[in-house]
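Listing of entry39.txt; format and content: compact mmCIF, C-alpha atoms and all ligand atoms.
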```txt
# COMPACT_ATOMS: atom_id res chain seq x y z
CA MET A 182 -13.34 -18.25 8.83
CA ILE A 183 -12.45 -19.21 5.25
CA ASP A 184 -11.93 -22.62 3.83
CA ILE A 185 -8.77 -22.85 1.72
CA PRO A 186 -6.15 -25.60 1.32
CA LYS A 187 -3.27 -25.53 3.84
CA ASP A 188 -0.88 -24.68 1.02
CA GLY A 189 -3.28 -22.30 -0.74
CA LYS A 190 -1.95 -19.13 -2.33
CA ILE A 191 -2.96 -15.99 -0.46
CA VAL A 192 -2.86 -12.45 -1.84
CA ILE A 193 -3.32 -9.57 0.61
CA LEU A 194 -4.11 -6.04 -0.53
CA THR A 195 -3.44 -3.37 2.09
CA GLY A 196 -4.35 0.30 2.30
CA ALA A 197 -3.84 3.23 4.65
CA GLY A 198 -6.16 1.76 7.32
CA ILE A 199 -3.57 -0.85 8.32
CA SER A 200 -1.07 1.88 9.24
CA LYS A 201 -3.56 4.16 11.02
CA GLU A 202 -2.92 2.66 14.45
CA SER A 203 0.82 3.12 13.90
CA GLY A 204 0.13 6.86 13.80
CA LEU A 205 -0.04 7.52 10.04
CA ASP A 206 -3.10 9.31 8.69
CA THR A 207 -5.39 7.73 6.12
CA PHE A 208 -6.31 9.73 3.00
CA ARG A 209 -10.09 10.05 3.21
CA GLY A 210 -12.57 10.69 5.98
CA ASN A 211 -12.24 12.93 9.03
CA GLY A 212 -8.67 14.14 9.52
CA GLY A 213 -7.59 12.30 6.33
CA LEU A 214 -4.61 13.62 4.36
CA TRP A 215 -6.77 14.62 1.41
CA GLN A 216 -9.32 16.47 3.55
CA GLY A 217 -9.46 20.06 2.32
CA PHE A 218 -6.93 19.28 -0.43
CA ARG A 219 -7.44 18.98 -4.15
CA VAL A 220 -5.31 15.87 -4.52
CA GLU A 221 -4.27 16.71 -8.05
CA LYS A 222 -2.68 19.90 -6.62
CA VAL A 223 0.01 17.89 -4.82
CA ALA A 224 -0.08 14.38 -6.23
CA SER A 225 0.06 14.72 -10.00
CA PRO A 226 2.71 15.18 -12.69
CA HIS A 227 1.03 18.51 -13.54
CA ALA A 228 1.42 19.76 -9.94
CA PHE A 229 5.12 18.80 -10.00
CA HIS A 230 5.62 20.61 -13.27
CA GLU A 231 3.82 23.76 -12.04
CA ASN A 232 5.16 23.91 -8.50
CA PRO A 233 7.86 21.34 -7.68
CA SER A 234 8.78 23.02 -4.36
CA MET A 235 5.24 22.64 -3.04
CA VAL A 236 5.13 18.97 -4.06
CA HIS A 237 8.57 18.32 -2.53
CA SER A 238 7.52 19.98 0.72
CA PHE A 239 4.29 17.93 0.95
CA TYR A 240 6.25 14.66 0.61
CA ASN A 241 9.16 15.86 2.79
CA GLU A 242 6.63 16.34 5.58
CA ARG A 243 5.16 12.85 5.04
CA LYS A 244 8.70 11.47 5.13
CA SER A 245 9.64 13.20 8.37
CA ILE A 246 6.49 11.81 10.04
CA LEU A 247 7.29 8.30 8.81
CA LEU A 248 10.86 8.57 10.10
CA ASP A 249 9.70 9.65 13.58
CA LYS A 250 10.91 7.14 16.20
CA GLU A 251 7.34 6.73 17.46
CA ILE A 252 6.10 5.34 14.12
CA LYS A 253 6.42 1.57 14.16
CA PRO A 254 4.71 -1.48 12.62
CA ASN A 255 1.62 -2.47 14.61
CA ALA A 256 0.03 -5.81 15.50
CA ALA A 257 -1.65 -6.05 12.07
CA HIS A 258 1.63 -5.64 10.13
CA ASN A 259 3.29 -8.13 12.50
CA ALA A 260 0.49 -10.67 12.05
CA LEU A 261 0.85 -10.56 8.25
CA ALA A 262 4.61 -11.13 8.52
CA ARG A 263 3.89 -14.10 10.80
CA LEU A 264 1.42 -15.48 8.26
CA GLU A 265 4.01 -15.27 5.48
CA GLU A 266 6.57 -17.04 7.65
CA LYS A 267 4.33 -19.88 8.87
CA TRP A 268 1.77 -20.53 6.12
CA GLN A 269 2.59 -23.52 3.90
CA GLY A 270 1.60 -21.82 0.66
CA ASN A 271 2.64 -18.56 -0.93
CA VAL A 272 1.59 -15.33 0.82
CA SER A 273 2.01 -12.07 -1.13
CA ILE A 274 1.23 -8.57 0.04
CA VAL A 275 0.31 -5.93 -2.53
CA THR A 276 0.26 -2.63 -0.70
CA GLN A 277 -1.06 0.75 -1.79
CA ASN A 278 0.87 2.25 1.11
CA VAL A 279 4.05 4.17 0.49
CA ASP A 280 5.27 3.69 4.08
CA ASN A 281 7.79 0.96 5.01
CA LEU A 282 5.90 -0.66 7.89
CA HIS A 283 5.30 -4.04 6.20
CA GLU A 284 9.00 -4.56 5.51
CA ARG A 285 9.93 -3.36 9.00
CA ALA A 286 7.52 -5.96 10.40
CA GLY A 287 9.38 -8.63 8.42
CA SER A 288 7.20 -9.13 5.32
CA LYS A 289 9.35 -10.10 2.34
CA ASN A 290 6.98 -10.99 -0.45
CA LEU A 291 5.79 -7.43 -0.93
CA ILE A 292 4.82 -5.23 -3.87
CA HIS A 293 4.53 -1.46 -3.41
CA MET A 294 2.06 -0.71 -6.21
CA HIS A 295 1.93 3.03 -5.39
CA GLY A 296 5.68 3.36 -4.86
CA GLU A 297 7.77 4.14 -1.78
CA LEU A 298 8.07 7.39 0.12
CA LEU A 299 11.68 6.77 1.16
CA LYS A 300 12.89 6.41 -2.43
CA GLY A 301 13.50 8.98 -5.14
CA ARG A 302 13.37 8.67 -8.90
CA CYS A 303 15.21 10.72 -11.49
CA ILE A 304 12.90 12.03 -14.21
CA SER A 305 15.91 12.37 -16.49
CA CYS A 306 17.42 8.86 -16.35
CA ASP A 307 14.71 6.91 -14.45
CA ALA A 308 17.18 5.63 -11.81
CA ILE A 309 15.58 4.86 -8.44
CA GLU A 310 17.53 5.33 -5.22
CA ILE A 311 16.95 5.27 -1.47
CA TRP A 312 16.22 8.87 -0.43
CA GLN A 313 15.55 9.38 3.28
CA GLU A 314 16.61 13.02 3.52
CA GLU A 315 14.63 16.01 2.28
CA MET A 316 14.31 16.44 -1.48
CA ASN A 317 14.21 19.81 -3.23
CA THR A 318 14.63 21.43 -6.62
CA GLU A 319 18.43 21.34 -6.17
CA SER A 320 18.58 17.61 -5.43
CA LYS A 321 21.05 15.76 -7.64
CA CYS A 322 20.63 12.31 -9.15
CA SER A 323 23.56 10.18 -8.01
CA HIS A 324 23.25 8.07 -11.17
CA CYS A 325 23.31 10.64 -14.01
CA GLY A 326 24.36 13.71 -12.02
CA GLN A 327 21.44 15.85 -13.20
CA ILE A 328 20.42 18.60 -10.76
CA GLY A 329 16.72 19.27 -10.12
CA SER A 330 15.50 16.06 -11.73
CA MET A 331 14.63 14.09 -8.58
CA ARG A 332 11.04 13.34 -7.58
CA VAL A 333 9.60 11.15 -4.87
CA HIS A 334 9.11 7.53 -6.02
CA VAL A 335 5.36 7.64 -5.43
CA VAL A 336 2.68 6.99 -8.05
CA TRP A 337 0.65 10.13 -8.71
CA PHE A 338 -2.86 10.56 -10.07
CA GLY A 339 -2.80 9.99 -13.81
CA GLU A 340 0.17 7.58 -13.56
CA MET A 341 0.12 3.80 -13.90
CA PRO A 342 0.62 1.82 -10.66
CA LEU A 343 3.76 -0.32 -10.53
CA LYS A 344 4.16 -4.05 -11.26
CA MET A 345 0.62 -4.51 -12.58
CA LYS A 346 1.55 -7.60 -14.69
CA GLU A 347 2.97 -9.36 -11.63
CA ILE A 348 -0.07 -8.37 -9.57
CA GLU A 349 -2.53 -9.63 -12.19
CA HIS A 350 -0.71 -12.96 -12.26
CA LEU A 351 -0.97 -13.26 -8.46
CA LEU A 352 -4.67 -12.38 -8.54
CA ARG A 353 -5.38 -14.92 -11.25
CA GLU A 354 -3.62 -17.73 -9.36
CA CYS A 355 -4.72 -17.08 -5.78
CA ASP A 356 -6.97 -19.22 -3.55
CA ALA A 357 -7.77 -16.35 -1.21
CA PHE A 358 -7.79 -12.58 -1.64
CA ILE A 359 -7.80 -10.52 1.56
CA SER A 360 -8.32 -6.75 1.42
CA ILE A 361 -7.30 -4.80 4.53
CA GLY A 362 -7.80 -1.15 5.45
CA THR A 363 -8.69 0.30 2.07
CA SER A 364 -11.74 2.37 1.16
CA GLY A 365 -12.22 1.04 -2.38
CA ASN A 366 -12.02 4.52 -3.91
CA VAL A 367 -8.91 4.18 -6.05
CA TYR A 368 -8.59 1.97 -9.12
CA PRO A 369 -7.08 -0.36 -10.20
CA ALA A 370 -6.73 -1.66 -6.60
CA ALA A 371 -10.46 -1.17 -5.93
CA GLY A 372 -11.18 -3.51 -8.87
CA PHE A 373 -8.99 -6.40 -7.67
CA VAL A 374 -11.84 -8.15 -5.85
CA ASP A 375 -13.89 -8.11 -9.02
CA LEU A 376 -10.96 -9.47 -11.06
CA VAL A 377 -10.36 -12.28 -8.56
CA SER A 378 -14.03 -13.28 -8.57
CA HIS A 379 -14.03 -13.18 -12.36
CA TYR A 380 -10.90 -15.36 -12.63
CA GLY A 381 -12.03 -18.24 -10.45
CA MET A 382 -13.13 -19.67 -7.16
CA ALA A 383 -10.90 -17.78 -4.73
CA LYS A 384 -12.34 -16.79 -1.38
CA THR A 385 -12.49 -13.03 -0.92
CA VAL A 386 -12.36 -11.35 2.49
CA GLU A 387 -12.57 -7.72 3.54
CA LEU A 388 -11.04 -6.66 6.88
CA ASN A 389 -11.71 -2.99 7.55
CA LEU A 390 -12.89 -0.56 10.17
CA GLU A 391 -16.19 -0.29 8.31
CA PRO A 392 -17.60 -1.75 5.08
CA SER A 393 -15.79 -0.21 2.08
CA LEU A 394 -17.44 1.04 -1.11
CA ASN A 395 -17.23 -2.43 -2.66
CA ALA A 396 -17.88 -4.47 0.49
CA ASP A 397 -20.74 -6.36 -1.15
CA GLN A 398 -18.32 -7.92 -3.66
CA PHE A 399 -16.48 -9.88 -0.94
CA SER A 400 -17.62 -13.31 0.15
CA ASN A 401 -16.60 -12.64 3.79
CA GLY A 402 -15.94 -9.60 5.94
CA ALA A 403 -14.92 -8.66 9.47
CA TYR A 404 -15.04 -5.10 10.76
CA GLY A 405 -13.09 -3.33 13.50
CA PRO A 406 -9.61 -1.87 14.11
CA ALA A 407 -6.90 -3.63 12.10
CA THR A 408 -4.78 -4.34 15.20
CA GLU A 409 -7.63 -6.49 16.52
CA ILE A 410 -9.21 -8.13 13.49
CA VAL A 411 -6.06 -8.91 11.48
CA PRO A 412 -4.19 -10.87 14.20
CA LYS A 413 -7.45 -12.74 14.96
CA PHE A 414 -7.93 -13.62 11.29
CA VAL A 415 -4.29 -14.75 10.95
CA ASP A 416 -4.51 -16.87 14.10
CA GLU A 417 -7.62 -18.56 12.71
CA LEU A 418 -5.86 -19.33 9.42
CA LEU A 419 -2.73 -20.64 11.13
CA SER A 420 -4.80 -22.83 13.46
CA LYS A 421 -5.65 -24.89 10.35
CA LEU A 422 -2.03 -26.01 10.23
CA THR A 423 -2.06 -27.71 13.65
P1 LIG B 1 -8.36 5.67 2.38
O1 LIG B 1 -8.00 6.81 3.27
O2 LIG B 1 -9.16 5.96 1.17
O3 LIG B 1 -9.16 4.57 3.20
C1 LIG B 1 -8.69 4.06 4.43
C2 LIG B 1 -9.61 2.93 4.88
O4 LIG B 1 -9.08 2.43 6.09
C3 LIG B 1 -11.06 3.36 5.14
O5 LIG B 1 -11.95 2.43 4.55
C4 LIG B 1 -11.17 3.31 6.67
O6 LIG B 1 -12.45 2.90 7.12
C5 LIG B 1 -10.14 2.23 7.01
N1 LIG B 1 -9.56 2.37 8.36
C6 LIG B 1 -9.29 3.50 9.05
N2 LIG B 1 -8.74 3.20 10.23
C7 LIG B 1 -8.66 1.86 10.31
C8 LIG B 1 -8.20 0.94 11.30
N3 LIG B 1 -7.69 1.35 12.45
N4 LIG B 1 -8.28 -0.39 11.02
C9 LIG B 1 -8.79 -0.82 9.84
N5 LIG B 1 -9.24 -0.01 8.89
C10 LIG B 1 -9.17 1.32 9.10
O7 LIG B 1 -6.98 4.93 2.02
P2 LIG B 1 -6.67 3.91 0.83
O8 LIG B 1 -7.85 3.08 0.51
O9 LIG B 1 -5.40 3.22 1.17
O10 LIG B 1 -2.93 6.77 -3.50
O11 LIG B 1 -6.40 4.93 -0.35
C11 LIG B 1 -6.04 4.42 -1.60
C12 LIG B 1 -5.12 5.39 -2.29
O12 LIG B 1 -5.73 6.69 -2.32
C13 LIG B 1 -3.81 5.62 -1.60
O13 LIG B 1 -2.83 4.63 -1.87
C14 LIG B 1 -3.38 6.96 -2.14
C15 LIG B 1 -4.70 7.68 -2.05
O14 LIG B 1 -4.88 8.73 -2.94
C16 LIG B 1 -1.95 7.53 -4.00
O15 LIG B 1 -1.44 8.44 -3.37
C17 LIG B 1 -1.57 7.16 -5.40
```
Just give me the structure of the file as C-alpha cells.
Ligand code: OAD
Amino acid sequence: MIDIPKDGKIVILTGAGISKESGLDTFRGNGGLWQGFRVEKVASPHAFHENPSMVHSFYNERKSILLDKEIKPNAAHNALARLEEKWQGNVSIVTQNVDNLHERAGSKNLIHMHGELLKGRCISCDAIEIWQEEMNTESKCSHCGQIGSMRVHVVWFGEMPLKMKEIEHLLRECDAFISIGTSGNVYPAAGFVDLVSHYGMAKTVELNLEPSLNADQFSNGAYGPATEIVPKFVDELLSKLT
C-alpha cells in the first residue's frame, strides 16, 4: 500500500477509535463520552478546582471500566505490537488514548501524549505514581505525604500534551506517518499530518472508520473497523520483508 524502505522509520498516531472494538467508548459521535457533556466541566484544571469530587468520580468510572476483565487489546493493538517486533526500522506509537491497551498488547515504543488513566499525579510535588484504585479528595501522595493533592495523570483541556519535543523529533525524522482511529478534532495531534508533510517526503496514511476532518491531508487512506483494516495494513507492510 505504501512504498517505504524496509528499515524506514514509522510513526503511528492512535486515537479512541482503535480501542472502540475492545469495548471503550470514543469521545465524539453517537454514544461518545463527550455527548451531552461540556468537556471543560470535567476535563479542565478549572473543573478540578471548582469540583474535585465530580472530576474524580468521572475518571474513577473510566478506570473501573478499563479494569473490567472483559476489556482487552484487540486485533488492531496486537497488529501494531507485531509490527514493532518484526519491522526492521524504528516503529513508534504516539497515542492520545489514556487506556493501557497498547502496552498490554506488547507495544514498547509508546508515548502517551494525553497521559495515563491508571496513574495519578500530585499537584503539590509533581510526583507521578501508578494509581489503579479509586481516587478522591482524601487521597494521599505517597511521595510528599500531602492529602487531597492527587489528580488523575490525564492531560486536560488548556494543558500542554506530554513529550511534545520527543514527538516533534519523531515526526521530523519519519518515513511514514500512520494515523489510526482519531477524528482530527484535537490539536496538536490533529496537526501532526500537516507537520510531517511540511518536514519532508514521508508517506502519510489514515486508517479510520470514516474519513476524519483532515482526511484530505493524507496521501493514502483505508476506511473500516480498526480490527480489520489495521491487521491488513500491517500484513501488507510486513510482506515487504519476505
Ligand atoms: P474521537 O472520539 O474524537 O474520534 C474517534 C474516531 O475513531 C472517529 O473518527 C471515529 O470515526 C473513529 N472510529 C470509531 N470506531 C472505530 C473503529 N471501530 N475503527 C476505527 N475507527 C473508529 O476520539 P479522538 O480523536 O481520539 O483528549 O479524540 C482526541 C482527544 O479528544 C482525546 O484524546 C481526548 C478527547 O477530548 C483528552 O481527553 C485530552
Discussion item. What residues of the protein or nucleic acid chains come within 7 Å of ligand LIG 1 (chain B) when you use only C-alpha atoms and all ligand atoms? Reply as a count of residues only.
Written reply: 36
Fill in: Selection: 12 Å around Ser245 in chain A, all atoms listed in the file, excl. self and same-chain fewer than 2 positions, as an NGL selection string
:A and (205 or 238-243 or 247-252 or 280 or 298-299 or 312-316)
Worksheet item: Which polymer residues have any atom within 12 Å of an atom of Lys413 in chain A, counting all atoms listed in the file, with same-chain residues fewer than 4 positions away left out, as a PyMOL selection string?
Response: chain A and resi 182+256-257+259-261+264+388+403-409+417-420
Would you mind exporting the chosen residues as an mmCIF file, in the frame of the given file, restricted to C-alpha atoms?
```
data_model
loop_
_atom_site.group_PDB
_atom_site.id
_atom_site.type_symbol
_atom_site.label_atom_id
_atom_site.label_comp_id
_atom_site.auth_asym_id
_atom_site.auth_seq_id
_atom_site.Cartn_x
_atom_site.Cartn_y
_atom_site.Cartn_z
ATOM 1 C CA MET A 182 -13.340 -18.250 8.830
ATOM 2 C CA ALA A 256 0.030 -5.810 15.500
ATOM 3 C CA ALA A 257 -1.650 -6.050 12.070
ATOM 4 C CA ASN A 259 3.290 -8.130 12.500
ATOM 5 C CA ALA A 260 0.490 -10.670 12.050
ATOM 6 C CA LEU A 261 0.850 -10.560 8.250
ATOM 7 C CA LEU A 264 1.420 -15.480 8.260
ATOM 8 C CA LEU A 388 -11.040 -6.660 6.880
ATOM 9 C CA ALA A 403 -14.920 -8.660 9.470
ATOM 10 C CA TYR A 404 -15.040 -5.100 10.760
ATOM 11 C CA GLY A 405 -13.090 -3.330 13.500
ATOM 12 C CA PRO A 406 -9.610 -1.870 14.110
ATOM 13 C CA ALA A 407 -6.900 -3.630 12.100
ATOM 14 C CA THR A 408 -4.780 -4.340 15.200
ATOM 15 C CA GLU A 409 -7.630 -6.490 16.520
ATOM 16 C CA GLU A 417 -7.620 -18.560 12.710
ATOM 17 C CA LEU A 418 -5.860 -19.330 9.420
ATOM 18 C CA LEU A 419 -2.730 -20.640 11.130
ATOM 19 C CA SER A 420 -4.800 -22.830 13.460
#
```
Applying 6 Å and all atoms listed in the file, which residues near range 350-353 of chain A remain after dropping the ones on its own chain fewer than 3 positions away? List them as a short mmCIF file (atom, residue, chain, number, x, y, z; two decimals) with C-alpha atoms, keeping the file's coordinate frame.
```cif
data_model
loop_
_atom_site.label_atom_id
_atom_site.label_comp_id
_atom_site.auth_asym_id
_atom_site.auth_seq_id
_atom_site.Cartn_x
_atom_site.Cartn_y
_atom_site.Cartn_z
CA GLU A 347 2.97 -9.36 -11.63
CA VAL A 377 -10.36 -12.28 -8.56
CA TYR A 380 -10.90 -15.36 -12.63
#
```
Fill in: Minimum-distance residue to Cys303 in chain A, chosen among A:Ser330, A:Arg285, A:Tyr368, A:Asn290 (using only C-alpha atoms)
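The shortest atom-to-atom distance to Cys303 in chain A comes from A:Ser330.
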Practice prompt. Rank nothing, just name the residue among A:Ser360, A:Asn317, A:Thr423, A:Asn281 nearest to Gly402 in chain A, using only C-alpha atoms.
Written response: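 Closest to Gly402 in chain A, using only C-alpha atoms: A:Ser360.
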Worksheet item: Do you have the CA of Glu297 in chain A-CA of Val333 in chain A distance handy?
Response: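 About the pair CA of Glu297 in chain A and CA of Val333 in chain A: they are 7.9 Å apart.
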Assuming the input is short of atoms at range 220-244 of chain A, produce N, CA and C atoms for that part as a short mmCIF file (atom, residue, chain, number, x, y, z; two decimals), in the coordinates of the input.
```cif
data_model
loop_
_atom_site.label_atom_id
_atom_site.label_comp_id
_atom_site.auth_asym_id
_atom_site.auth_seq_id
_atom_site.Cartn_x
_atom_site.Cartn_y
_atom_site.Cartn_z
N VAL A 220 -6.46 16.78 -4.46
CA VAL A 220 -5.31 15.87 -4.52
C VAL A 220 -4.43 16.13 -5.73
N GLU A 221 -5.07 16.50 -6.85
CA GLU A 221 -4.27 16.71 -8.05
C GLU A 221 -3.33 17.92 -7.92
N LYS A 222 -3.56 18.74 -6.85
CA LYS A 222 -2.68 19.90 -6.62
C LYS A 222 -1.33 19.50 -6.01
N VAL A 223 -1.28 18.33 -5.38
CA VAL A 223 0.01 17.89 -4.82
C VAL A 223 0.48 16.56 -5.36
N ALA A 224 -0.44 15.75 -5.86
CA ALA A 224 -0.08 14.38 -6.23
C ALA A 224 -0.36 14.12 -7.70
N SER A 225 0.22 14.95 -8.56
CA SER A 225 0.06 14.72 -10.00
C SER A 225 1.28 15.24 -10.74
N PRO A 226 1.58 14.69 -11.91
CA PRO A 226 2.71 15.18 -12.69
C PRO A 226 2.53 16.67 -13.01
N HIS A 227 1.29 17.10 -13.23
CA HIS A 227 1.03 18.51 -13.54
C HIS A 227 1.45 19.40 -12.37
N ALA A 228 1.06 18.98 -11.14
CA ALA A 228 1.42 19.76 -9.94
C ALA A 228 2.94 19.88 -9.83
N PHE A 229 3.65 18.79 -10.12
CA PHE A 229 5.12 18.80 -10.00
C PHE A 229 5.73 19.73 -11.04
N HIS A 230 5.13 19.74 -12.20
CA HIS A 230 5.62 20.61 -13.27
C HIS A 230 5.40 22.10 -12.90
N GLU A 231 4.19 22.37 -12.36
CA GLU A 231 3.82 23.76 -12.04
C GLU A 231 4.53 24.29 -10.80
N ASN A 232 4.63 23.43 -9.77
CA ASN A 232 5.16 23.91 -8.50
C ASN A 232 5.92 22.79 -7.76
N PRO A 233 7.12 22.47 -8.27
CA PRO A 233 7.86 21.34 -7.68
C PRO A 233 8.18 21.54 -6.20
N SER A 234 8.43 22.79 -5.77
CA SER A 234 8.78 23.02 -4.36
C SER A 234 7.63 22.63 -3.45
N MET A 235 6.41 22.97 -3.87
CA MET A 235 5.24 22.64 -3.04
C MET A 235 5.06 21.12 -2.94
N VAL A 236 5.27 20.44 -4.06
CA VAL A 236 5.13 18.97 -4.06
C VAL A 236 6.24 18.35 -3.20
N HIS A 237 7.47 18.83 -3.36
CA HIS A 237 8.57 18.32 -2.53
C HIS A 237 8.23 18.53 -1.06
N SER A 238 7.73 19.71 -0.71
CA SER A 238 7.52 19.98 0.72
C SER A 238 6.39 19.12 1.29
N PHE A 239 5.35 18.83 0.49
CA PHE A 239 4.29 17.93 0.95
C PHE A 239 4.87 16.55 1.28
N TYR A 240 5.70 16.01 0.38
CA TYR A 240 6.25 14.66 0.61
C TYR A 240 7.38 14.66 1.64
N ASN A 241 8.13 15.78 1.73
CA ASN A 241 9.16 15.86 2.79
C ASN A 241 8.50 15.76 4.16
N GLU A 242 7.34 16.39 4.29
CA GLU A 242 6.63 16.34 5.58
C GLU A 242 6.15 14.91 5.88
N ARG A 243 5.61 14.24 4.85
CA ARG A 243 5.16 12.85 5.04
C ARG A 243 6.34 11.99 5.49
N LYS A 244 7.49 12.23 4.85
CA LYS A 244 8.70 11.47 5.13
C LYS A 244 9.15 11.68 6.56
#
```
